[in-house]
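Novice: One structure is given below, represented as structure tokens, and several questions about it will come after.
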Number of protein chains: 2
Amino acid sequence: MTSSAHSAEDKICPHNARQNCSSCRLSAICLPLALAQDEVVQLDEIVQRGRPLQTDELLYREGDNFNSIFAVRSGSVKAYRVSDKGEEQVTGFYLPGEILGMDGIGQNRYANSAQAMEVSAICEIPFSKIEDLSGRLPNMQKHFFKLLSQEIVEDQRHITLLSKHSAEERLASLLVSISARNARRNLSAFSFRLPMSRTDIGNFLGLTIETVSRVFSRFAKQGLIEINKKEILVLDIDALKRVASLAN
Amino acid sequence: MTSSAHSAEDKICPHNARQNCSSCRLSAICLPLALAQDEVVQLDEIVQRGRPLQTDELLYREGDNFNSIFAVRSGSVKAYRVSDKGEEQVTGFYLPGEILGMDGIGQNRYANSAQAMEVSAICEIPFSKIEDLSGRLPNMQKHFFKLLSQEIVEDQRHITLLSKHSAEERLASLLVSISARNARRNLSAFSFRLPMSRTDIGNFLGLTIETVSRVFSRFAKQGLIEINKKEILVLDIDALKRVASLAN
DNA sequence: CGTTATCTTGATAACGTTCAATAAGAGTGG
DNA sequence: CCACTCTTATTGAACGTTATCAAGATAACG
């Protein structure tokens with residue numbers, strides 16, 4: 001088995017397009033708790049489920065016309081933007097149940113490119129439909145306001161991380177985050193495979209690949225984790241959290 | 001006159017509570033272009049205009065119950081959050097016409113504290129009223145989705161700035177940003193007063209106060225700007241933009 | 001007019017980058 | 001199946017940008 005991170009979802013169907021929100025095991029993460037049963041059905045009708053994305057395939061490009069937001073059903077996606085300086089900046093990693101593309105609403109163009117880091121199944125939700133639904137269902141409107149707001153808070157957390165925290169704190173913070181997000185999907189919080197490369201991690205954390213590698217080695221030497229390429233075994237989550245200073 | 005940045009607004013009324021959105025000269029920035037006249041009136045009815053905030057007075061605290069978002073009518077406000085590490089991070093500066101507090105929607109608590117950097121007049125807009133209005137007026141809903149999304153894009157821009165750009169690039173970028181935001185308010189793009197302290201600038205840009213000071217001096221020596229404490233005279237905006245690498 | 005805040009400038013040091021070499025896989029073709 | 005290349009990751013040494021420490025200078029304020 002190459003990927004422990006998928007086992008739970010894969011039991012049922014890896015990247016199957018035949019799915020609906022009501023039966024999706026990720027709905028607890030993806031959907032508003034406040035949505036009534038019949039509201040979920042209405043949402044379900046507008047969700048499009050295409051063929052899986054292959055590794056490195058682009059879901060959308062920075063500058064593309066914005067039409068839809070996307071939910072990751074399986075696999076994982078990174079978002080990145082290119083500054084005028086030509087520097088690429090990874091702005092987020094999206095795991096199953098998480099939603100991306102909302103940065104496109106403001107300018108009617110995506111502000112990021114989104115790329116699959118492995119074979120991934122994606123739900124596409126046309127935004128015009130969301131606007132319609134939100135106009136009719138207050139719970140739906142509330143949910144999307146909240147989603148957008150939470151992304152703001154996430155990004156501000158990340159600003160703090162980049163601005164005020166050391167390389168060790170940043171990396172520990174990422175590991176704790178991924179661990180927690182795995183736990184939320186009922187996967188192991190202590191044994192998982194990082195879907196992203198060292199380059200992507202460094203880019204996301206504002207570090208070079210060399211620093212990422214060194215800090216990983218240091219963590220391993222200190223007995224906090226065991227590393228085997230992308231496979232991570234967390235030996236001391238509390239220590240990791242301490243290093244992260246619960247650095248949010 | 002202590003502040004050139006205020007002259008245009010102050011002609012009419014500095015921090016007057018007797019105002020409405022239809023006549024407010026900032027509405028072009030603050031309000032959706034798409035709003036019809038009668039829709040503006042409806043918005044106007046829910047906007048609360050309190051007494052002005054004094055310098056350093058808090059508009060809200062991180063963790064406070066979220067009820068309203070706020071628009072700056074005059075003066076300026078900074079937002080900052082405290083990480084678990086105890087580090088304070090300035091997440092944004094808000095100038096007249098700009099809206100803050102939207103980070104509170106997601107968790108029903110503000111994720112930042114907001115503090116006036118000078119005497120400031122603020123419009124308070126109860127969020128529940130916005131939700132009501134948005135349910136009835138599609139333009140209003142669209143506007144707030146856009147506002148939230150734009151804040152996300154702004155924050156991601158800032159992430160890139162912190163992650164990939166040098167001290168000079170960061171500071172040039174801030175100066176260019178403030179210059180542009182002044183121009184949008186029909187104030188001078190080349191002569192203005194920075195409402196924030198060096199400490200706040202450094203904190204916002206992920207730099208120490210000493211580095212901020214040094215870079216300012218370097219810019220002055222290079223003939224890009226003239227500095228007199230907080231008063232800035234931009235001598236070569238194109239050079240500044242070049243230094244910023246249009247670093248967004 | 002003295003006291004406190006804030007800002008500027010200099011000297012030193014640290015953290016992370018850069019440059020460089022090596023290692024370990026993954027994929028390909030003979 | 002092994003040799004080959006190409007990519008990705010690891011490790012070391014030297015350097016550089018920015019932080020830290022420290023001292024003055026300037027402005028703000030009672």
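Residues in the structure tokens are numbered from 1 in each chain, the chains being A, B, ... in the order shown, and ligands are numbered from 1 in the order shown.
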Once DSSP has gone over the backbone, tell me which residues of stretch 99-227 of chain B are in helix (DSSP H, G or I), as number ranges by chain.

Specialist: B: 102-104, 127-136, 138-164, 167-184, 198-205, 209-221

Novice: Tell me which protein, DNA and RNA residues are within 8 Å of stretch 164-176 of chain B, counting only C-alpha atoms (C1' of nucleotides), leaving out same-chain ones fewer than 2 positions away, and put them as an MDAnalysis selection string.

Specialist: (chainID A and resid 87 89 206) or (chainID B and resid 160:162 178:180 205 207 211:212 215 237 240:241 243:248)

Novice: For C:DT9, please output as a PyMOL selection string all residues within 12 Å (counting only C-alpha atoms (C1' of nucleotides); exclusion window: fewer than 5 positions along the same chain).

Specialist: (chain B and resi 210-211+213-215+217-218) or (chain D and resi 22-25)

Novice: Selection from above, N, CA, C and O atoms (P, O5', C5', C4', C3', O3' and C1' of nucleotides), as a PDB file, in the first residue's frame, can you write it?

Specialist:
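This is the output file selection21.pdb:
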```
ATOM      1  N   GLU B 210      13.755  48.895  13.095  1.00  0.00           N
ATOM      2  CA  GLU B 210      15.060  49.380  12.637  1.00  0.00           C
ATOM      3  C   GLU B 210      15.218  49.220  11.129  1.00  0.00           C
ATOM      4  O   GLU B 210      15.699  50.118  10.439  1.00  0.00           O
ATOM      5  N   THR B 211      14.808  48.066  10.637  1.00  0.00           N
ATOM      6  CA  THR B 211      14.911  47.832   9.194  1.00  0.00           C
ATOM      7  C   THR B 211      14.020  48.799   8.429  1.00  0.00           C
ATOM      8  O   THR B 211      14.435  49.351   7.394  1.00  0.00           O
ATOM      9  N   SER B 213      13.154  51.773   9.286  1.00  0.00           N
ATOM     10  CA  SER B 213      13.811  53.067   9.340  1.00  0.00           C
ATOM     11  C   SER B 213      14.969  53.142   8.342  1.00  0.00           C
ATOM     12  O   SER B 213      15.113  54.118   7.598  1.00  0.00           O
ATOM     13  N   ARG B 214      15.781  52.116   8.331  1.00  0.00           N
ATOM     14  CA  ARG B 214      16.930  52.087   7.419  1.00  0.00           C
ATOM     15  C   ARG B 214      16.491  52.150   5.968  1.00  0.00           C
ATOM     16  O   ARG B 214      17.076  52.880   5.162  1.00  0.00           O
ATOM     17  N   VAL B 215      15.476  51.382   5.629  1.00  0.00           N
ATOM     18  CA  VAL B 215      15.032  51.353   4.229  1.00  0.00           C
ATOM     19  C   VAL B 215      14.434  52.702   3.834  1.00  0.00           C
ATOM     20  O   VAL B 215      14.690  53.199   2.736  1.00  0.00           O
ATOM     21  N   SER B 217      15.364  55.538   4.993  1.00  0.00           N
ATOM     22  CA  SER B 217      16.526  56.406   4.783  1.00  0.00           C
ATOM     23  C   SER B 217      17.177  56.140   3.436  1.00  0.00           C
ATOM     24  O   SER B 217      17.551  57.068   2.717  1.00  0.00           O
ATOM     25  N   ARG B 218      17.279  54.867   3.088  1.00  0.00           N
ATOM     26  CA  ARG B 218      17.893  54.498   1.813  1.00  0.00           C
ATOM     27  C   ARG B 218      17.081  55.065   0.644  1.00  0.00           C
ATOM     28  O   ARG B 218      17.639  55.617  -0.295  1.00  0.00           O
TER      29      ARG B 218
ATOM     30  P    DA D  22      23.152  44.933  24.855  1.00  0.00           P
ATOM     31  O5'  DA D  22      23.453  46.389  24.290  1.00  0.00           O
ATOM     32  C5'  DA D  22      24.552  46.577  23.395  1.00  0.00           C
ATOM     33  C4'  DA D  22      24.627  48.022  22.962  1.00  0.00           C
ATOM     34  C3'  DA D  22      24.208  49.040  24.031  1.00  0.00           C
ATOM     35  O3'  DA D  22      25.193  50.061  24.112  1.00  0.00           O
ATOM     36  C1'  DA D  22      23.132  49.494  22.003  1.00  0.00           C
ATOM     37  P    DA D  23      25.245  51.101  25.316  1.00  0.00           P
ATOM     38  O5'  DA D  23      25.348  52.480  24.547  1.00  0.00           O
ATOM     39  C5'  DA D  23      26.153  52.549  23.370  1.00  0.00           C
ATOM     40  C4'  DA D  23      25.648  53.661  22.492  1.00  0.00           C
ATOM     41  C3'  DA D  23      25.333  54.970  23.241  1.00  0.00           C
ATOM     42  O3'  DA D  23      26.026  56.031  22.603  1.00  0.00           O
ATOM     43  C1'  DA D  23      23.570  54.391  21.788  1.00  0.00           C
ATOM     44  P    DG D  24      26.314  57.398  23.290  1.00  0.00           P
ATOM     45  O5'  DG D  24      25.651  58.421  22.291  1.00  0.00           O
ATOM     46  C5'  DG D  24      24.361  58.330  21.974  1.00  0.00           C
ATOM     47  C4'  DG D  24      24.147  58.932  20.624  1.00  0.00           C
ATOM     48  C3'  DG D  24      23.666  60.368  20.723  1.00  0.00           C
ATOM     49  O3'  DG D  24      23.871  61.050  19.501  1.00  0.00           O
ATOM     50  C1'  DG D  24      21.860  58.880  20.259  1.00  0.00           C
ATOM     51  P    DA D  25      23.675  62.610  19.458  1.00  0.00           P
ATOM     52  O5'  DA D  25      22.270  62.692  18.715  1.00  0.00           O
ATOM     53  C5'  DA D  25      22.127  62.142  17.408  1.00  0.00           C
ATOM     54  C4'  DA D  25      20.692  62.302  16.967  1.00  0.00           C
ATOM     55  C3'  DA D  25      20.118  63.705  17.216  1.00  0.00           C
ATOM     56  O3'  DA D  25      19.432  64.093  16.040  1.00  0.00           O
ATOM     57  C1'  DA D  25      18.714  62.070  18.177  1.00  0.00           C
TER      58       DA D  25
END
```

Novice: Of the residues D:DA28, D:DC1, D:DC15, D:DA9, which is the one nearest to C:DT17, using only C-alpha atoms (C1' of nucleotides)?

Specialist: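 So, comparing all the options, the nearest one is D:DC15.
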
Novice: Give me, as a ChimeraX atom specification, the residues of stretch 4-225 of chain A that a backbone DSSP run labels strand (DSSP E).

Specialist: /A:48-49,58-60,68-74,77-82,88-94,99-100,113-116,121-126,191-193,225

Novice: Could you list, as a compact mmCIF listing (two decimals) with N, CA, C and O atoms, in the first residue's frame, every residue within 8 Å of B:Pro126, counting only C-alpha atoms (C1' of nucleotides) and ignoring same-chain residues fewer than 2 positions away?

Specialist:
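File produced: out-v1.txt:
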```
# COMPACT_ATOMS: atom_id res chain seq x y z
N ILE B 46 -29.85 50.89 7.50
CA ILE B 46 -29.32 49.98 8.51
C ILE B 46 -27.96 50.42 9.02
O ILE B 46 -27.44 49.89 9.99
N VAL B 47 -27.36 51.40 8.36
CA VAL B 47 -26.02 51.83 8.76
C VAL B 47 -26.11 52.71 10.01
O VAL B 47 -26.89 53.65 10.07
N ASN B 67 -20.94 40.95 15.41
CA ASN B 67 -22.28 41.39 15.07
C ASN B 67 -22.31 42.29 13.84
O ASN B 67 -23.28 42.28 13.11
N SER B 68 -21.25 43.04 13.65
CA SER B 68 -21.26 44.06 12.60
C SER B 68 -19.96 44.07 11.82
O SER B 68 -18.91 43.68 12.34
N ILE B 69 -20.05 44.56 10.61
CA ILE B 69 -18.84 44.96 9.91
C ILE B 69 -18.82 46.49 9.91
O ILE B 69 -19.82 47.13 10.24
N GLU B 124 -21.10 51.62 11.19
CA GLU B 124 -21.30 50.24 11.62
C GLU B 124 -22.48 49.65 10.87
O GLU B 124 -23.54 50.27 10.78
N SER B 128 -26.49 40.95 10.50
CA SER B 128 -27.77 40.28 10.31
C SER B 128 -28.62 41.05 9.30
O SER B 128 -29.32 40.44 8.48
N LYS B 129 -28.51 42.36 9.35
CA LYS B 129 -29.25 43.18 8.39
C LYS B 129 -28.71 42.97 6.97
O LYS B 129 -29.45 42.97 6.00
N ILE B 130 -27.39 42.81 6.91
CA ILE B 130 -26.79 42.56 5.60
C ILE B 130 -27.28 41.23 5.03
O ILE B 130 -27.57 41.10 3.85
```
